[in-house]
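All remarks here apply to the structure that follows.
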Amino acid sequence: MRWSNYYLMTAREAPRDAEVISHQLMARSGLIRRLAAGIYTMQPAGWRTMRKLMAIVRREMERAGAVELSMPAIQPAEIWEESERWYKYGVELLRMEDRHGRRFCFGPTHEEVVTDLVRRDVKSYRQLPINLFQIQTKFRDEIRPRFGLMRGREFIMKDAYSFDANEEGLDRSYRAMHAAYSRIFEACGLEFSVVEADQGAIGGSSSHEFMVLADTGESAVASCAACGYGANVERAEVGELPVPAPTGDEPAREVETPGTTTVAQVAELLGVEPARVVKTLIYDTDDGLAAVAIRGDRAVNETKLLNVLGGLGLRLATAEQVEAATGGPLGFSGPVGLAASLRLVVDESARKVAGFVCGANRGDRHFASVSWDRDVASARPIEWVDVMTAEASDPCPRCSAGELRLSRGIEVGHIFKLGTAYSEKMNCTFTDEHGRLHPAEMGCYGLGIGRTAAAAIEQGHDRDGIVWPAPLAPFAVVLSSLDPGDEAVRLAADSLYEELVDTLAPGGFDVLYDDRAERPGVKFKDADLVGFPVRVVVGARSLRNGGAEVSARRDGEREVVALDQVSDVVLGRLR
RNA sequence: CGGGGCGUAGCUCAGCCUGGUAGAGCGCACGGUUCGGGACCGUGAGGCCGGAGGUUCAAAUCCUCUCGCCCCGACCA
């Protein structure tokens with residue numbers, strides 16, 4: 001491809017709305033152009049990167065036995081009502097009506113469509129397992145799209161869905177996808193880690209996220225260097241925390257604590273460590289109010305809490321709701337004397353605190369030396385749960401040696417075991433060898449194409465621009481002719497271009513020939529900005545020096561190479 | 001949805017407070033000088049100052065409404 005005929009326009013400045021580096025560099029290097037919030041055109045060079053990534057994904061998916069198809073983006077409401085997600089998915093589901101008033105949505109994911117397809121085609125265990133995938137445009141009406149391709153409203157995703165006859169089969173399908181994803185991200189040259197994830201609204205029994213590690217990532221990950229445990233912070237467990245020393249069997253007593261509405265204030269006033277204080281939060285849930293108690297030095301993990309309490313959402317109760325539920329003002333709630341009708345869940349970590357301090361459900365009053373068994377459980381039910389947010393340096397939940405480290409990552413892939421959640425609701429059943437009907441065991445596997453490309457830039461860039469991993473670069477090689485007006489240079493560059501194309505094409509490597517009538521500085525800056533892994537420079541000077549100059553974007557290492565050696569050297573650099 | 005901010009040339013922005021001829025840099029076109037890390041000089045094209053309404057002799061500027069966009073929070077397959 002000759003740059004003079006191509007469509008690749010670079011810019012010195014990034015658009016004002018570009019906040020993260022990948023967005024800035026994609027915009028500056030002419031890869032993407034914003035059309036509306038979270039909606040982007042893939043310009044030709046950007047689309048080449050997407051196509052390369054999609055080719056890798058296709059190759060590895062097919063190698064893992066998945067079969068490609070293409071499902072509609074527009075989906076009728078009926079199947080979403082069957083799965084009940086028409087009601088549960090919320091505002092992110094872009095709904096619409098056709099001219100007859102029939103209701104549709106623009107698919108954010110395709111469990112319903114694929115389940116509807118398979119239930120019509122698959123009748124027997126002999127037809128299983130099946131794994132169907134597509135690479136397709138999705139739409140999610142994100143509350144806050146941002147960061148360019150990292151969190152768009154319209155975006156390209158590879159989604160796969162497996163159907164098995166039993167759980168063992170699902171395990172196999174899941175492991176095959178796990179392995180395929182690992183190969184994909186390795187092939188892309190990305191540093192990533194696989195962590196346990198929260199299942200969220202999609203449901204199911206198990207899920208893992210593939211995280212590309214980057215400080216700008218939107219997801220927080222907890223991991224243990226000692227044993228390899230890794231989990232999204234939304235889900236991360238915590239090992240045994242040190243417990244404050246027990247205080248003996250002294251009875252609970254009420255103490256005056258004027259104006260102390262925070263754990264820190266109470267702890268200071270009473271001269272105890274915050275871990276000895278148990279804080280009680282009142283949450284407003286789909287099923288009414290619920291009280292949540294946790295050690296005072298720790299934060300509630302609302303994702304875990306939502307999983308415990310059920311429903312679609314929760315929020316902290318208002319001061320009025322707190323007062324109505326507990327009889328005391330906000331800031332003085334506690335488990336002692338709470339109405340038995342009010343649901344009480346307590347984090348396991350608080351269970352081991354003997355003789356704790358808690359709110360008295362009266363203004364300016366706390367209880368001290370409280371015992372769960374003696375003072376709370378005797379009067380009402382308690383649900384012991386894990387709703388704690390993991391923090392850095394917490395003990396690892398899996399091994400005794402390690403401690404948790406928190407880092408940030410970009411979620412580029414997510415795999416789920418769905419089990420029979422959809423197949424039961426949508427009656428996707430097959431006949432087993434004994435003639436009995438069973439719902440299919442399903443898995444679903446998503447991989448963000450644009451997000452992966454953006455993550456590659458977050459991981460690979462420097463002051464001058466993008467440093468692509470070679471497999472994802474729009475072109476593997478840029479050939480810059482510095483003096484296109486000079487007959488000798490032009491002839492040498494032209495023939496070098498032809499030769500490079502011939503030599504590299506069989507290996508799947510492509511060449512962009514910068515034959516533009518631009519000054520050398522412009523060509524160098526553009527080549528660095530767009531980030532072609534290998535650069536070949538031909539100019540009057542290089543010819544005098546004996547040929548062309550070959551250099552690598554990543555380390556800048558240059559060498560002058562005789563013209564007839566250039567293709568071999570370039571090929572060597574790319575492998 | 002709550003809080004904050006911004007919409008002026010293709011891009012980045014000034015002008016607005018204190019109403020009176022719409023500006024700069026980059027980019028673009030043409031001419032010239034340059035030519036190995038985003039050159040320089042000259043000339044030029046390019047704007048419903050997001051939209052609507054209002055105040056005023058007069059609105060980019062003041063007021064109201066509205067649309068779009070960004071940030072923080074809430075929320076989040």
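As shown in the structure tokens, the chain order sets the letters A, B, ...; within each chain, residues go from 1, and ligands are also counted from 1 in the order they appear.
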
Distance table requested - chain A against chain B, cut-off 9 Å, only C-alpha atoms (C1' of nucleotides): one row per qualifying residue with the closest atom pair and its distance in Å to one decimal, ordered by chain and rising residue number, as a Markdown table.
```
| residue | atom | partner | partner_atom | distance |
| --- | --- | --- | --- | --- |
| A:Ala11 | CA | B:C11 | C1' | 7.5 |
| A:Arg12 | CA | B:G38 | C1' | 7.7 |
| A:Glu13 | CA | B:U12 | C1' | 6.6 |
| A:Ala14 | CA | B:C11 | C1' | 7.7 |
| A:Pro15 | CA | B:C11 | C1' | 7.0 |
| A:Arg16 | CA | B:U12 | C1' | 7.8 |
| A:Asp17 | CA | B:C70 | C1' | 6.0 |
| A:Ala36 | CA | B:C69 | C1' | 8.7 |
| A:Ala37 | CA | B:C69 | C1' | 7.5 |
| A:Tyr89 | CA | B:A77 | C1' | 8.7 |
| A:Glu92 | CA | B:C76 | C1' | 8.6 |
| A:Pro108 | CA | B:A77 | C1' | 7.8 |
| A:Thr109 | CA | B:A77 | C1' | 7.7 |
| A:Arg140 | CA | B:A77 | C1' | 8.9 |
| A:Glu142 | CA | B:C76 | C1' | 7.9 |
| A:Ile143 | CA | B:C75 | C1' | 7.5 |
| A:Gly200 | CA | B:A77 | C1' | 7.4 |
| A:Ala201 | CA | B:A77 | C1' | 7.1 |
| A:Ile202 | CA | B:A77 | C1' | 6.6 |
| A:Gly313 | CA | B:C75 | C1' | 9.0 |
| A:Leu482 | CA | B:G36 | C1' | 7.7 |
| A:Asp483 | CA | B:C35 | C1' | 8.1 |
| A:Arg519 | CA | B:C35 | C1' | 6.2 |
| A:Pro520 | CA | B:G36 | C1' | 6.0 |
| A:Gly521 | CA | B:G37 | C1' | 4.4 |
| A:Val522 | CA | B:G38 | C1' | 5.0 |
| A:Lys523 | CA | B:G37 | C1' | 8.4 |
| A:Phe524 | CA | B:G37 | C1' | 5.9 |
| A:Lys525 | CA | B:G38 | C1' | 6.2 |
| A:Asp526 | CA | B:G38 | C1' | 8.2 |
| A:Gly539 | CA | B:G36 | C1' | 8.1 |
| A:Arg541 | CA | B:G36 | C1' | 7.8 |
```

With only C-alpha atoms (C1' of nucleotides) as the counted atoms, please give the residues lying no more than 8 Å from range 260-264 of chain A, apart from itself and same-chain residues fewer than 3 positions off, as a CSV table (one decimal) with C-alpha atoms, in the first residue's frame.
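Result file is part38.csv:
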```
chain,number,residue,atom,x,y,z
A,257,THR,CA,-20.8,8.9,72.8
A,267,ALA,CA,-12.8,4.4,68.5
A,268,GLU,CA,-10.9,7.4,69.6
A,274,PRO,CA,-11.4,0.6,64.9
A,277,VAL,CA,-16.0,-1.4,66.5
A,279,LYS,CA,-20.4,-0.7,62.1
A,296,GLY,CA,-15.3,-0.9,61.7
A,297,ASP,CA,-11.9,-0.9,59.9
A,330,LEU,CA,-28.1,7.7,61.2
A,331,GLY,CA,-24.6,7.0,62.6
A,332,PHE,CA,-25.8,5.1,65.7
A,364,ASP,CA,-25.3,9.6,71.1
```

Would you give me, as a ChimeraX atom specification, the residues in range 343-571 of chain A that DSSP reads as strand (DSSP E)? /A:343-347,356-359,365-370,383-385,404-419,429-431,437-439,441-448,461-462,465-466,477-481,511-514,534-538,548-552,558-561

If we count only C-alpha atoms (C1' of nucleotides) and set the cut-off at 9 Å, which residues sit around Val534 in chain A, ignoring sequence neighbours fewer than 2 positions away in its own chain? Please answer as a PyMOL selection string. chain A and resi 470+476-479+531-532+536+550-554+570+573-574

Put those residues in a file: N, CA, C and O atoms, as a short mmCIF file (atom, residue, chain, number, x, y, z; two decimals), in the first residue's frame.
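Below you can see again.cif, which holds the result:
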```cif
data_model
loop_
_atom_site.label_atom_id
_atom_site.label_comp_id
_atom_site.auth_asym_id
_atom_site.auth_seq_id
_atom_site.Cartn_x
_atom_site.Cartn_y
_atom_site.Cartn_z
N ALA A 470 3.83 -6.61 17.23
CA ALA A 470 3.84 -6.77 15.77
C ALA A 470 2.55 -7.38 15.21
O ALA A 470 2.07 -6.94 14.16
N ALA A 476 2.95 -4.11 9.30
CA ALA A 476 4.12 -4.59 10.03
C ALA A 476 5.33 -3.72 9.73
O ALA A 476 6.22 -3.55 10.56
N VAL A 477 5.36 -3.17 8.52
CA VAL A 477 6.55 -2.47 8.07
C VAL A 477 6.14 -1.16 7.42
O VAL A 477 5.14 -1.11 6.69
N VAL A 478 6.89 -0.10 7.70
CA VAL A 478 6.73 1.13 6.93
C VAL A 478 8.03 1.35 6.16
O VAL A 478 9.12 1.24 6.72
N LEU A 479 7.88 1.59 4.88
CA LEU A 479 9.03 1.90 4.03
C LEU A 479 8.97 3.38 3.71
O LEU A 479 8.05 3.83 3.02
N GLY A 531 3.32 3.75 14.89
CA GLY A 531 3.95 2.66 15.63
C GLY A 531 4.24 1.39 14.84
O GLY A 531 4.19 0.29 15.38
N PHE A 532 4.55 1.53 13.56
CA PHE A 532 4.90 0.36 12.76
C PHE A 532 6.11 -0.34 13.38
O PHE A 532 7.12 0.31 13.67
N VAL A 536 11.80 0.90 7.41
CA VAL A 536 12.88 0.87 6.44
C VAL A 536 12.96 2.25 5.81
O VAL A 536 11.95 2.78 5.35
N VAL A 550 17.35 -0.01 8.37
CA VAL A 550 16.27 -0.79 8.98
C VAL A 550 16.30 -0.54 10.48
O VAL A 550 17.36 -0.61 11.10
N SER A 551 15.14 -0.23 11.05
CA SER A 551 15.13 -0.01 12.49
C SER A 551 13.85 -0.57 13.10
O SER A 551 12.86 -0.79 12.42
N ALA A 552 13.92 -0.80 14.41
CA ALA A 552 12.78 -1.35 15.13
C ALA A 552 12.15 -0.25 15.95
O ALA A 552 12.83 0.55 16.59
N ARG A 553 10.82 -0.19 15.97
CA ARG A 553 10.11 0.83 16.73
C ARG A 553 10.34 0.65 18.21
O ARG A 553 10.48 1.61 18.96
N ARG A 554 10.41 -0.60 18.65
CA ARG A 554 10.42 -0.86 20.08
C ARG A 554 11.71 -0.37 20.74
O ARG A 554 11.67 0.31 21.76
N VAL A 570 14.46 -7.63 7.26
CA VAL A 570 13.15 -7.26 7.78
C VAL A 570 12.40 -8.51 8.24
O VAL A 570 11.81 -8.53 9.33
N ARG A 573 13.65 -9.63 11.44
CA ARG A 573 13.22 -8.80 12.58
C ARG A 573 11.77 -9.10 12.97
O ARG A 573 11.40 -8.96 14.13
N LEU A 574 10.97 -9.46 12.00
CA LEU A 574 9.55 -9.67 12.29
C LEU A 574 9.31 -11.01 12.95
O LEU A 574 8.31 -11.20 13.62
#
```

Apply DSSP to the structure's backbone, then extract all residues of range 346-395 of chain A labelled alpha helix (DSSP H) and return them as an MDAnalysis selection string. chainID A and resid 348:351

Residues within 12 Å of G20 in chain B, please, as a count of residues only. Count only C-alpha atoms (C1' of nucleotides); anything in the same chain fewer than 6 positions from it doesn't count. 5

For range 558-562 of chain A, list every protein, DNA or RNA residue within 8 Å, evaluated using only C-alpha atoms (C1' of nucleotides), and leave out those in the same chain fewer than 3 positions away; present the list as a CSV table (one decimal) with N, CA, C and O atoms, in the first residue's frame.
```csv
chain,number,residue,atom,x,y,z
A,542,SER,N,21.1,7.3,2.8
A,542,SER,CA,21.2,5.9,3.0
A,542,SER,C,21.8,5.2,1.8
A,542,SER,O,22.6,4.2,2.0
A,545,ASN,N,25.4,5.5,1.9
A,545,ASN,CA,25.9,4.6,3.0
A,545,ASN,C,25.9,3.2,2.7
A,545,ASN,O,26.3,2.3,3.5
A,546,GLY,N,25.3,2.8,1.5
A,546,GLY,CA,25.3,1.5,1.1
A,546,GLY,C,24.0,0.8,1.0
A,546,GLY,O,23.9,-0.4,0.9
A,547,GLY,N,22.9,1.5,1.2
A,547,GLY,CA,21.6,0.8,1.0
A,547,GLY,C,20.5,1.5,1.7
A,547,GLY,O,20.2,2.7,1.5
A,548,ALA,N,19.8,0.7,2.6
A,548,ALA,CA,18.6,1.2,3.3
A,548,ALA,C,18.9,1.1,4.8
A,548,ALA,O,19.7,0.3,5.2
A,549,GLU,N,18.1,1.8,5.6
A,549,GLU,CA,18.3,1.7,7.0
A,549,GLU,C,17.1,1.0,7.6
A,549,GLU,O,16.0,1.4,7.3
A,550,VAL,N,17.3,0.0,8.4
A,550,VAL,CA,16.3,-0.8,9.0
A,550,VAL,C,16.3,-0.5,10.5
A,550,VAL,O,17.4,-0.6,11.1
A,551,SER,N,15.1,-0.2,11.1
A,551,SER,CA,15.1,0.0,12.5
A,551,SER,C,13.9,-0.6,13.1
A,551,SER,O,12.9,-0.8,12.4
A,552,ALA,N,13.9,-0.8,14.4
A,552,ALA,CA,12.8,-1.3,15.1
A,552,ALA,C,12.1,-0.2,16.0
A,552,ALA,O,12.8,0.5,16.6
A,565,GLN,N,19.6,-7.1,0.6
A,565,GLN,CA,19.5,-7.8,1.8
A,565,GLN,C,18.3,-7.4,2.7
A,565,GLN,O,18.0,-8.0,3.7
A,566,VAL,N,17.7,-6.3,2.3
A,566,VAL,CA,16.7,-5.7,3.1
A,566,VAL,C,15.5,-6.6,3.5
A,566,VAL,O,15.2,-6.8,4.6
A,569,VAL,N,16.5,-9.1,6.1
A,569,VAL,CA,16.7,-8.6,7.4
A,569,VAL,C,15.4,-8.2,8.0
A,569,VAL,O,15.1,-8.5,9.2
```

Measure the distance from C1' of G15 in chain B to C1' of G51 in chain B in Å and round it to one decimal.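 Separating C1' of G15 in chain B from C1' of G51 in chain B is a distance of 21.3 Å.
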
Ranking A:Val357, A:Ala488, A:Leu25, A:Ala317 by minimum distance to Leu270 in chain A and counting only C-alpha atoms, which one comes first? A:Val357

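Note that CA of Pro244 in chain A and CA of Thr280 in chain A are 18.4 Å apart.
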
Considering only C-alpha atoms, can you say which of A:Arg144, A:Arg153, A:Lys138, A:His178 comes closest to Leu35 in chain A? A:Arg153

Spatial neighbours of range 403-410 of chain A, 9 Å, only C-alpha atoms (C1' of nucleotides), chain gap at least 3 places, as a count of residues only: 39
